[in-house]
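Q: Enclosed is the structure file coords_19.txt (compact mmCIF, C-alpha atoms).
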```
# COMPACT_ATOMS: atom_id res chain seq x y z
CA SER A 4 8.93 4.64 -18.86
CA ASP A 5 5.84 4.59 -21.03
CA PHE A 6 5.40 0.88 -20.29
CA ALA A 7 5.50 1.43 -16.54
CA GLN A 8 3.02 4.33 -16.54
CA GLU A 9 0.51 2.19 -18.43
CA GLU A 10 0.95 -0.73 -16.02
CA LEU A 11 0.76 1.53 -12.97
CA GLY A 12 -2.50 3.24 -13.92
CA ASP A 13 -3.50 6.84 -13.30
CA ILE A 14 -0.77 8.51 -11.28
CA VAL A 15 -2.11 10.76 -8.55
CA TYR A 16 1.07 11.71 -6.67
CA VAL A 17 4.77 11.98 -7.41
CA GLU A 18 7.56 12.32 -4.83
CA LEU A 19 10.81 13.58 -6.32
CA PRO A 20 14.36 13.96 -4.97
CA GLU A 21 15.68 17.32 -3.79
CA PRO A 22 17.91 19.27 -6.19
CA GLY A 23 21.46 18.85 -4.96
CA SER A 24 20.87 15.31 -3.71
CA ASN A 25 22.58 12.29 -5.27
CA VAL A 26 20.93 9.43 -7.11
CA THR A 27 22.39 5.98 -7.76
CA ALA A 28 21.79 3.82 -10.82
CA GLY A 29 19.29 1.08 -10.03
CA GLU A 30 18.31 2.58 -6.68
CA THR A 31 15.10 4.30 -5.62
CA PHE A 32 14.97 8.04 -6.24
CA GLY A 33 11.30 8.69 -5.64
CA VAL A 34 7.79 7.31 -5.39
CA VAL A 35 4.64 7.49 -7.49
CA GLU A 36 1.16 6.66 -6.28
CA SER A 37 -1.50 5.02 -8.42
CA VAL A 38 -4.41 2.69 -7.71
CA LYS A 39 -3.79 2.88 -3.95
CA ALA A 40 -0.18 1.76 -4.42
CA ALA A 41 3.05 3.61 -3.65
CA SER A 42 5.58 2.33 -6.19
CA ASP A 43 9.29 3.06 -5.99
CA VAL A 44 10.87 4.62 -9.06
CA TYR A 45 14.48 3.75 -9.86
CA SER A 46 17.19 5.97 -11.27
CA PRO A 47 18.75 4.84 -14.57
CA ILE A 48 21.97 6.73 -13.78
CA SER A 49 24.16 7.92 -10.92
CA GLY A 50 24.74 11.61 -10.39
CA GLU A 51 23.69 14.84 -8.74
CA VAL A 52 20.11 16.04 -9.21
CA THR A 53 20.18 19.51 -10.80
CA GLU A 54 16.49 20.09 -11.41
CA VAL A 55 13.14 18.41 -10.75
CA ASN A 56 9.88 18.81 -12.65
CA GLU A 57 7.82 20.89 -10.21
CA ALA A 58 4.82 20.70 -12.58
CA LEU A 59 4.30 17.09 -11.43
CA VAL A 60 3.33 18.31 -7.94
CA ASP A 61 0.05 19.75 -9.24
CA GLU A 62 -0.24 17.65 -12.39
CA PRO A 63 1.07 14.16 -11.60
CA ALA A 64 -0.98 12.74 -14.51
CA LYS A 65 1.56 14.24 -16.89
CA VAL A 66 3.58 11.09 -16.25
CA ASN A 67 0.74 9.16 -17.91
CA SER A 68 -0.21 11.59 -20.65
CA ASP A 69 3.27 12.74 -21.67
CA PRO A 70 5.87 10.22 -20.49
CA PHE A 71 8.51 11.23 -23.07
CA SER A 72 8.26 14.99 -22.65
CA GLY A 73 6.18 16.92 -20.11
CA GLY A 74 6.24 13.99 -17.66
CA TRP A 75 10.00 14.17 -17.09
CA MET A 76 10.97 13.73 -13.44
CA PHE A 77 14.49 15.01 -12.87
CA LYS A 78 17.67 16.15 -14.55
CA ALA A 79 21.06 15.17 -13.22
CA LYS A 80 24.76 15.73 -13.75
CA LEU A 81 26.18 12.29 -14.51
CA SER A 82 28.89 11.01 -12.21
CA TYR A 83 29.76 8.19 -14.63
CA SER A 84 29.00 8.54 -18.33
CA GLY A 85 29.29 4.77 -18.73
CA ASP A 86 25.81 4.48 -17.15
CA LEU A 87 24.37 5.64 -20.47
CA ASP A 88 25.81 2.61 -22.26
CA LYS A 89 23.63 0.31 -20.16
CA LEU A 90 20.40 2.06 -21.17
CA LEU A 91 18.11 0.86 -23.96
CA ASP A 92 17.44 3.05 -26.98
CA SER A 93 13.81 3.39 -28.11
CA GLY A 94 13.98 0.43 -30.54
CA ALA A 95 15.50 -1.93 -27.97
CA TYR A 96 13.02 -0.68 -25.36
CA GLU A 97 10.05 -1.45 -27.61
CA LYS A 98 11.38 -4.98 -28.18
CA HIS A 99 11.85 -5.43 -24.44
CA CYS A 100 8.25 -4.34 -23.73
CA GLU A 101 6.90 -6.69 -26.40
CA SER A 102 8.70 -9.65 -24.87
CA ALA A 103 7.58 -8.64 -21.36
CA GLY A 104 3.99 -8.58 -22.59
CA ASP A 105 4.35 -12.15 -23.83
CA HIS A 106 4.90 -13.50 -20.29
CA MET B 21 6.32 -24.78 -2.17
CA SER B 22 7.15 -21.21 -1.13
CA VAL B 23 7.51 -20.36 2.51
CA VAL B 24 5.63 -17.43 4.03
CA ARG B 25 6.78 -16.27 7.47
CA LEU B 26 3.82 -15.69 9.77
CA LEU B 27 3.92 -12.92 12.34
CA ARG B 28 0.95 -12.89 14.71
CA LEU B 29 0.40 -9.69 16.66
CA ALA B 30 -2.38 -8.67 19.01
CA GLY B 31 -3.03 -5.12 20.11
CA THR B 32 0.21 -3.82 18.57
CA PRO B 33 -0.20 -0.06 17.97
CA ILE B 34 -0.63 0.65 14.26
CA LEU B 35 2.41 2.96 14.15
CA GLN B 36 4.62 0.11 15.37
CA GLN B 37 2.92 -2.34 12.98
CA LEU B 38 3.59 -0.07 10.00
CA LYS B 39 7.23 0.35 10.97
CA ILE B 40 7.57 -3.42 11.20
CA GLU B 41 5.94 -3.83 7.77
CA GLU B 42 8.18 -1.24 6.17
CA ALA B 43 11.26 -3.01 7.54
CA LEU B 44 10.05 -6.45 6.43
CA LEU B 45 9.33 -5.11 2.92
CA ARG B 46 12.53 -3.16 2.44
CA ALA B 47 15.16 -4.79 4.67
CA ASP B 48 14.25 -8.47 4.35
CA ALA B 49 13.91 -10.88 1.43
CA GLN B 50 11.35 -13.36 2.76
CA ASN B 51 7.61 -13.58 2.10
CA TRP B 52 5.47 -12.55 5.07
CA LEU B 53 1.94 -12.64 6.44
CA VAL B 54 1.41 -10.23 9.33
CA VAL B 55 -1.86 -10.28 11.23
CA ASN B 56 -2.62 -7.86 14.05
CA ASP B 57 -5.77 -8.23 16.12
CA GLY B 58 -6.50 -4.61 16.93
CA SER B 59 -4.43 -1.48 17.50
CA SER B 60 -4.26 -0.67 21.22
CA ILE B 61 -3.77 3.00 20.36
CA PRO B 62 -6.45 4.55 18.10
CA ALA B 63 -5.13 6.48 15.11
CA ILE B 64 -6.01 8.20 11.88
CA VAL B 65 -3.74 6.79 9.17
CA MET B 66 -3.24 8.62 5.88
CA GLY B 67 -1.62 7.27 2.72
CA ILE B 68 1.70 8.54 1.38
CA SER B 69 0.13 11.47 -0.44
CA GLY B 70 -2.33 12.43 2.28
CA LYS B 71 -2.63 16.02 3.48
CA ALA B 72 -4.07 16.38 6.98
CA LYS B 73 -5.77 19.73 6.31
CA GLU B 74 -7.72 18.20 3.41
CA LEU B 75 -8.60 14.87 5.04
CA ILE B 76 -9.02 15.45 8.78
CA LYS B 77 -11.14 17.76 10.92
CA ILE B 78 -8.06 19.12 12.64
CA PRO B 79 -9.55 20.97 15.64
CA GLN B 80 -11.71 17.96 16.52
CA ALA B 81 -8.80 15.54 16.06
CA GLN B 82 -6.61 17.72 18.29
CA GLU B 83 -9.31 17.76 20.95
CA ALA B 84 -9.67 13.97 20.70
CA LYS B 85 -5.85 13.70 21.09
CA ILE B 86 -5.80 10.98 18.47
CA ASP B 87 -2.54 9.97 16.78
CA VAL B 88 -2.26 10.95 13.09
CA ILE B 89 0.11 8.86 10.98
CA LYS B 90 1.31 9.05 7.39
CA ARG B 91 2.13 5.57 6.16
CA PHE B 92 4.50 4.41 3.42
CA SER B 93 1.84 2.88 1.16
CA GLY B 94 -0.69 4.50 -1.16
CA GLY B 95 -4.43 4.74 -0.72
CA GLY B 96 -6.78 6.72 1.44
CA THR B 97 -7.38 7.57 5.07
CA VAL B 98 -8.60 5.14 7.70
CA VAL B 99 -9.48 5.39 11.37
CA VAL B 100 -8.25 2.39 13.34
CA ASP B 101 -8.50 1.17 16.91
CA GLU B 102 -8.81 -1.96 19.04
CA ASN B 103 -11.64 -3.22 16.86
CA THR B 104 -9.75 -3.03 13.57
CA ILE B 105 -8.16 -6.24 12.33
CA PHE B 106 -5.11 -5.94 10.11
CA SER B 107 -3.63 -8.32 7.61
CA THR B 108 -0.55 -7.74 5.48
CA VAL B 109 0.93 -9.88 2.74
CA ILE B 110 4.50 -9.22 1.63
CA MET B 111 5.56 -11.25 -1.37
CA ASN B 112 8.51 -11.65 -3.70
CA SER B 113 7.39 -11.44 -7.29
CA SER B 114 9.22 -14.74 -7.88
CA ALA B 115 6.85 -16.51 -5.45
CA LEU B 116 3.96 -15.66 -7.76
CA PRO B 117 5.47 -15.54 -11.25
CA HIS B 118 2.09 -15.14 -12.94
CA VAL B 119 1.25 -12.02 -10.90
CA GLU B 120 2.90 -8.97 -12.40
CA CYS B 121 4.51 -6.66 -9.89
CA TYR B 122 2.06 -3.81 -10.53
CA PRO B 123 -0.94 -2.59 -8.48
CA ARG B 124 -3.87 -4.03 -10.43
CA PRO B 125 -2.53 -7.60 -10.90
CA VAL B 126 -1.57 -7.73 -7.21
CA MET B 127 -5.00 -6.56 -6.10
CA LYS B 128 -6.70 -9.08 -8.40
CA TRP B 129 -4.66 -11.85 -6.79
CA THR B 130 -5.39 -10.72 -3.22
CA GLU B 131 -9.10 -10.50 -4.02
CA ALA B 132 -8.99 -14.13 -5.19
CA LEU B 133 -7.01 -15.07 -2.08
CA LEU B 134 -9.63 -13.63 0.27
CA ARG B 135 -12.78 -14.58 -1.63
CA PRO B 136 -13.19 -17.91 0.21
CA VAL B 137 -12.88 -16.08 3.54
CA PHE B 138 -15.65 -13.55 2.85
CA SER B 139 -18.03 -14.96 0.25
CA PRO B 140 -19.79 -17.38 2.66
CA TYR B 141 -21.27 -14.34 4.43
CA GLY B 142 -22.63 -12.26 1.58
CA ASN B 143 -22.05 -10.65 -1.80
CA PHE B 144 -18.32 -10.00 -1.38
CA ARG B 145 -16.48 -8.06 -4.07
CA LEU B 146 -13.69 -5.63 -4.71
CA ALA B 147 -15.25 -2.27 -5.61
CA CYS B 148 -12.95 0.61 -6.58
CA HIS B 149 -10.18 -1.26 -4.72
CA ASP B 150 -12.17 -1.54 -1.46
CA TYR B 151 -13.52 -4.76 0.03
CA VAL B 152 -17.31 -4.52 0.17
CA TYR B 153 -20.45 -6.50 0.77
CA ASP B 154 -22.95 -5.23 -1.80
CA GLU B 155 -22.31 -1.47 -1.58
CA ASN B 156 -20.85 -1.27 1.91
CA LYS B 157 -17.15 -1.07 2.70
CA PHE B 158 -15.65 -3.21 5.44
CA GLY B 159 -11.99 -3.15 4.49
CA GLY B 160 -9.58 -0.60 3.08
CA ASN B 161 -6.57 -1.68 1.02
CA ALA B 162 -3.25 -0.15 0.17
CA GLN B 163 -0.07 -1.34 -1.45
CA ALA B 164 3.64 -0.61 -1.70
CA ILE B 165 5.84 -1.97 -4.48
CA THR B 166 9.63 -2.05 -4.61
CA LYS B 167 12.20 -4.03 -6.59
CA GLN B 168 10.09 -7.05 -7.55
CA ARG B 169 8.58 -7.23 -4.06
CA TRP B 170 5.14 -6.05 -3.07
CA LEU B 171 3.12 -5.45 0.05
CA HIS B 172 -0.67 -5.46 0.27
CA HIS B 173 -2.23 -4.50 3.58
CA THR B 174 -5.82 -4.22 4.67
CA SER B 175 -7.61 -2.80 7.67
CA PHE B 176 -10.84 -4.68 8.36
CA LEU B 177 -13.61 -3.01 10.34
CA TRP B 178 -14.65 -5.65 12.84
CA ASP B 179 -16.30 -2.77 14.69
CA PHE B 180 -15.80 0.98 14.90
CA GLN B 181 -16.75 4.04 16.92
CA GLU B 182 -18.81 6.59 15.03
CA ALA B 183 -17.27 9.48 16.97
CA ARG B 184 -13.80 8.52 15.71
CA MET B 185 -14.98 8.08 12.11
CA ALA B 186 -16.54 11.54 12.32
CA LEU B 187 -13.02 13.03 12.61
CA LEU B 188 -12.54 12.59 8.87
CA GLN B 189 -13.53 15.11 6.24
CA HIS B 190 -15.31 14.08 3.06
CA PRO B 191 -12.34 13.49 0.72
CA ALA B 192 -12.00 15.04 -2.73
CA ARG B 193 -11.55 11.62 -4.34
CA VAL B 194 -14.29 9.13 -3.47
CA PRO B 195 -15.13 5.76 -5.03
CA ALA B 196 -18.06 5.75 -7.45
CA TYR B 197 -19.98 3.14 -5.42
CA ARG B 198 -20.14 5.53 -2.45
CA LYS B 199 -22.82 7.43 -4.44
CA GLY B 200 -22.64 10.57 -2.33
CA ARG B 201 -23.38 8.77 0.94
CA GLU B 202 -22.06 10.06 4.24
CA HIS B 203 -19.11 8.10 5.56
CA LEU B 204 -21.05 6.18 8.22
CA LYS B 205 -23.72 5.19 5.70
CA PHE B 206 -21.29 3.43 3.40
CA LEU B 207 -19.25 1.57 6.02
CA MET B 208 -20.27 -1.66 7.67
CA ARG B 209 -19.12 -3.72 10.67
CA LEU B 210 -17.88 -7.25 10.04
CA LYS B 211 -19.16 -8.34 13.46
CA ASP B 212 -22.68 -7.86 12.14
CA ILE B 213 -22.28 -10.68 9.65
CA MET B 214 -19.32 -12.85 10.68
CA PRO B 215 -19.72 -15.13 13.69
CA LEU B 216 -16.36 -15.15 15.46
CA ARG B 217 -13.45 -12.72 15.45
CA ASP B 218 -10.89 -15.41 16.34
CA ALA B 219 -12.11 -17.66 13.52
CA PHE B 220 -11.68 -14.81 11.05
CA LEU B 221 -8.00 -14.44 11.90
CA GLY B 222 -7.38 -18.16 11.38
CA GLN B 223 -9.08 -18.01 8.00
CA MET B 224 -6.62 -15.40 6.79
CA GLU B 225 -3.78 -17.89 7.41
CA GLN B 226 -5.72 -20.74 5.84
CA ALA B 227 -6.26 -18.66 2.69
CA LEU B 228 -2.51 -18.63 2.00
CA THR B 229 -2.11 -22.31 2.84
CA SER B 230 -4.88 -23.11 0.35
CA HIS B 231 -2.85 -21.32 -2.31
CA GLY B 232 0.04 -23.71 -1.76
CA PHE B 233 2.16 -21.63 0.59
CA HIS B 234 3.82 -23.10 3.67
CA LEU B 235 3.38 -20.86 6.71
CA GLN B 236 6.29 -20.78 9.12
CA GLU B 237 5.77 -18.89 12.35
CA ALA B 238 8.20 -16.06 13.10
CA SER B 239 9.08 -14.49 16.44
CA MET B 240 9.31 -10.85 17.46
CA GLU B 241 12.95 -11.59 18.21
CA GLU B 242 13.57 -12.21 14.52
CA VAL B 243 11.62 -9.09 13.57
CA ASN B 244 13.56 -7.00 16.09
CA ALA B 245 16.78 -8.08 14.34
CA ILE B 246 15.40 -6.81 11.00
CA LEU B 247 14.02 -3.47 12.24
CA PRO B 248 17.36 -1.67 12.75
CA LYS B 249 18.75 -2.67 9.31
CA ASP B 250 19.36 0.17 6.89
CA HIS B 251 16.22 0.91 4.88
CA LEU B 252 14.06 3.78 3.66
CA ARG B 253 11.72 4.80 6.49
CA SER B 254 8.63 6.76 5.38
CA THR B 255 6.09 5.99 8.09
CA LYS B 256 5.79 8.86 10.54
CA LEU B 257 3.65 10.40 13.22
CA ILE B 258 2.26 13.75 12.06
CA ASP B 259 2.11 16.77 14.34
CA LEU B 260 -1.19 18.52 13.59
```
Hey, can you dump this file as structure tokens for me?
A:
Amino acid sequence: SDFAQEELGDIVYVELPEPGSNVTAGETFGVVESVKAASDVYSPISGEVTEVNEALVDEPAKVNSDPFSGGWMFKAKLSYSGDLDKLLDSGAYEKHCESAGDH
Amino acid sequence: MSVVRLLRLAGTPILQQLKIEEALLRADAQNWLVVNDGSSIPAIVMGISGKAKELIKIPQAQEAKIDVIKRFSGGGTVVVDENTIFSTVIMNSSALPHVECYPRPVMKWTEALLRPVFSPYGNFRLACHDYVYDENKFGGNAQAITKQRWLHHTSFLWDFQEARMALLQHPARVPAYRKGREHLKFLMRLKDIMPLRDAFLGQMEQALTSHGFHLQEASMEEVNAILPKDHLRSTKLIDL
């Protein structure tokens, strides 16, 4: 998310799942490195990975500069469409970030 | 008062130490302090994104028959041996609710934790995420963060062998304070300014106690019960 990339700092490395592998909602699917830290990244949905963003191998900073477009990490075929109902839309996400910043 | 389990090691090879840390971070829910007084087996240890051909003088490392490891945390490359002292803090975010579970807040907290240990001996500071006295590095840091739990580990150079340090290439990314200096010119040995190695280890434990944590000693038996539990294992020995 845009909030996470700002908190993490400049991302220098991204480790993505293999196409064909399965991801599980709420579980780790990959790792990003920033500021000498390897941080797990969690999948918002469950499904089969169909494509990963190979551009992030050479340009991991795209996650910082373009989190809503060029910094995409993977595409997947959903195994349960109900996972989408648990996700925040952009308005709810902004409200969530504002309240997180208050703590 | 939060409890921190204390695991004291001495001479444990760094590969084994890292595997223990990864298990404690990912397969356990307690807070931990791990201290290891030296690695009995010397090694070059790269961070998760490290590439041996870019960081290590491979023919020389092969000739030296030194282990090369890729660890699960971020950060750069270090050379460790029996004169490197290791400390690792593993913490639930809930134990430190005012420390956000992101790299910079965690490092700011660990700097404050260790300041009383190091400032009596000189101008201690965190520079580009390294522990330094003035402009000289004596400790390298790295972190791993997962599910509201974080790990911060440091390798402190009590002493080092120049021949082993010379196995590293000049990396592409260097901290600004290095100012173009050769590796050996920007490192320093803690033994040159701190009086006693044993006292240093005790101070690491005292630092956590001073922050209100209760240290409770753990046994290797307990750790051995955690090691086989199902968890992501990233630490590995690299074949050059």
Q: Quick one: which residues from chain B are at most 7 Å off chain A, using only C-alpha atoms, as JSON, numbers by chain?
A: {"B": [69, 93, 94, 95, 122, 123, 162, 163, 164, 165, 166]}
Q: Take the residues just selected and output them with C-alpha atoms as a short mmCIF file (atom, residue, chain, number, x, y, z; two decimals), in the coordinates of the input.
A:
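again_6.cif written:
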```cif
data_model
loop_
_atom_site.label_atom_id
_atom_site.label_comp_id
_atom_site.auth_asym_id
_atom_site.auth_seq_id
_atom_site.Cartn_x
_atom_site.Cartn_y
_atom_site.Cartn_z
CA SER B 69 0.13 11.47 -0.44
CA SER B 93 1.84 2.88 1.16
CA GLY B 94 -0.69 4.50 -1.16
CA GLY B 95 -4.43 4.74 -0.72
CA TYR B 122 2.06 -3.81 -10.53
CA PRO B 123 -0.94 -2.59 -8.48
CA ALA B 162 -3.25 -0.15 0.17
CA GLN B 163 -0.07 -1.34 -1.45
CA ALA B 164 3.64 -0.61 -1.70
CA ILE B 165 5.84 -1.97 -4.48
CA THR B 166 9.63 -2.05 -4.61
#
```
Q: Would you mind telling me which residue in B:Ile76, B:Ile86, B:Ala147, B:Val23 lies nearest to Ala115 in chain B when using all atoms listed in the file?
A: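 Closest to Ala115 in chain B, using all atoms listed in the file: B:Val23.
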Q: Expressed in Å to a single decimal, how great is the separation between CA of Ser72 in chain A and CA of Gln168 in chain B?
A: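 Rounded to one decimal, the two atoms are 26.8 Å apart.
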Q: Which residue out of B:Gln189, B:Thr174, B:Gln236, B:Gln223 has the minimum interatomic distance to Lys73 in chain B when all atoms listed in the file are used?
A: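 Closest candidate: B:Gln189.
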Q: Would you mind listing what lies within 9 Å of range 85-96 of chain A as a ChimeraX atom specification, with only C-alpha atoms counted and same-chain residues fewer than 5 positions away left out?
A: /A:28,47-49,101
Q: Write out as a list in words which residues come within 6 Å of Pro22 in chain A when counting only C-alpha atoms, dropping same-chain ones fewer than 6 positions away.
A: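 Everything that qualifies: Val52, Thr53 and Glu54 of chain A.
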Q: Put those residues in a file: C-alpha atoms, as a tab-separated table (two decimals), in the coordinates of the input.
A:
```
chain	number	residue	atom	x	y	z
A	52	VAL	CA	20.11	16.04	-9.21
A	53	THR	CA	20.18	19.51	-10.80
A	54	GLU	CA	16.49	20.09	-11.41
```
Q: Quick one, how far is CA of Ala43 in chain B from CA of Gly160 in chain B?
A: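 Spanning CA of Ala43 in chain B to CA of Gly160 in chain B is a straight-line distance of 21.4 Å.
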Q: Working from the structure I just supplied, which lacks atoms in range 88-105 of chain A, can you model N, CA and C atoms there and output them as an mmCIF file, in the coordinates of the input?
A:
```
data_model
loop_
_atom_site.group_PDB
_atom_site.id
_atom_site.type_symbol
_atom_site.label_atom_id
_atom_site.label_comp_id
_atom_site.auth_asym_id
_atom_site.auth_seq_id
_atom_site.Cartn_x
_atom_site.Cartn_y
_atom_site.Cartn_z
ATOM 1 N N ASP A 88 25.633 3.759 -21.371
ATOM 2 C CA ASP A 88 25.810 2.610 -22.260
ATOM 3 C C ASP A 88 24.903 1.452 -21.890
ATOM 4 N N LYS A 89 24.450 1.436 -20.629
ATOM 5 C CA LYS A 89 23.630 0.310 -20.160
ATOM 6 C C LYS A 89 22.149 0.533 -20.482
ATOM 7 N N LEU A 90 21.819 1.743 -20.946
ATOM 8 C CA LEU A 90 20.400 2.060 -21.170
ATOM 9 C C LEU A 90 19.962 1.563 -22.552
ATOM 10 N N LEU A 91 18.668 1.303 -22.686
ATOM 11 C CA LEU A 91 18.110 0.860 -23.960
ATOM 12 C C LEU A 91 17.733 2.075 -24.803
ATOM 13 N N ASP A 92 17.989 1.992 -26.124
ATOM 14 C CA ASP A 92 17.440 3.050 -26.980
ATOM 15 C C ASP A 92 15.978 2.703 -27.268
ATOM 16 N N SER A 93 15.269 3.575 -27.993
ATOM 17 C CA SER A 93 13.810 3.390 -28.110
ATOM 18 C C SER A 93 13.468 2.085 -28.824
ATOM 19 N N GLY A 94 14.269 1.684 -29.833
ATOM 20 C CA GLY A 94 13.980 0.430 -30.540
ATOM 21 C C GLY A 94 14.135 -0.780 -29.632
ATOM 22 N N ALA A 95 15.241 -0.807 -28.890
ATOM 23 C CA ALA A 95 15.500 -1.930 -27.970
ATOM 24 C C ALA A 95 14.456 -1.952 -26.862
ATOM 25 N N TYR A 96 14.032 -0.780 -26.416
ATOM 26 C CA TYR A 96 13.020 -0.680 -25.360
ATOM 27 C C TYR A 96 11.691 -1.249 -25.843
ATOM 28 N N GLU A 97 11.317 -0.925 -27.064
ATOM 29 C CA GLU A 97 10.050 -1.450 -27.610
ATOM 30 C C GLU A 97 10.091 -2.970 -27.677
ATOM 31 N N LYS A 98 11.235 -3.508 -28.090
ATOM 32 C CA LYS A 98 11.380 -4.980 -28.180
ATOM 33 C C LYS A 98 11.271 -5.594 -26.791
ATOM 34 N N HIS A 99 11.885 -4.932 -25.815
ATOM 35 C CA HIS A 99 11.850 -5.430 -24.440
ATOM 36 C C HIS A 99 10.410 -5.454 -23.926
ATOM 37 N N CYS A 100 9.644 -4.412 -24.195
ATOM 38 C CA CYS A 100 8.250 -4.340 -23.730
ATOM 39 C C CYS A 100 7.418 -5.417 -24.401
ATOM 40 N N GLU A 101 7.673 -5.661 -25.681
ATOM 41 C CA GLU A 101 6.900 -6.690 -26.400
ATOM 42 C C GLU A 101 7.159 -8.048 -25.775
ATOM 43 N N SER A 102 8.399 -8.344 -25.445
ATOM 44 C CA SER A 102 8.700 -9.650 -24.870
ATOM 45 C C SER A 102 8.174 -9.732 -23.437
ATOM 46 N N ALA A 103 8.138 -8.652 -22.727
ATOM 47 C CA ALA A 103 7.580 -8.640 -21.360
ATOM 48 C C ALA A 103 6.094 -8.908 -21.417
ATOM 49 N N GLY A 104 5.431 -8.389 -22.455
ATOM 50 C CA GLY A 104 3.990 -8.580 -22.590
ATOM 51 C C GLY A 104 3.637 -10.022 -22.927
ATOM 52 N N ASP A 105 4.622 -10.773 -23.463
ATOM 53 C CA ASP A 105 4.350 -12.150 -23.830
ATOM 54 C C ASP A 105 4.301 -13.069 -22.621
#
```
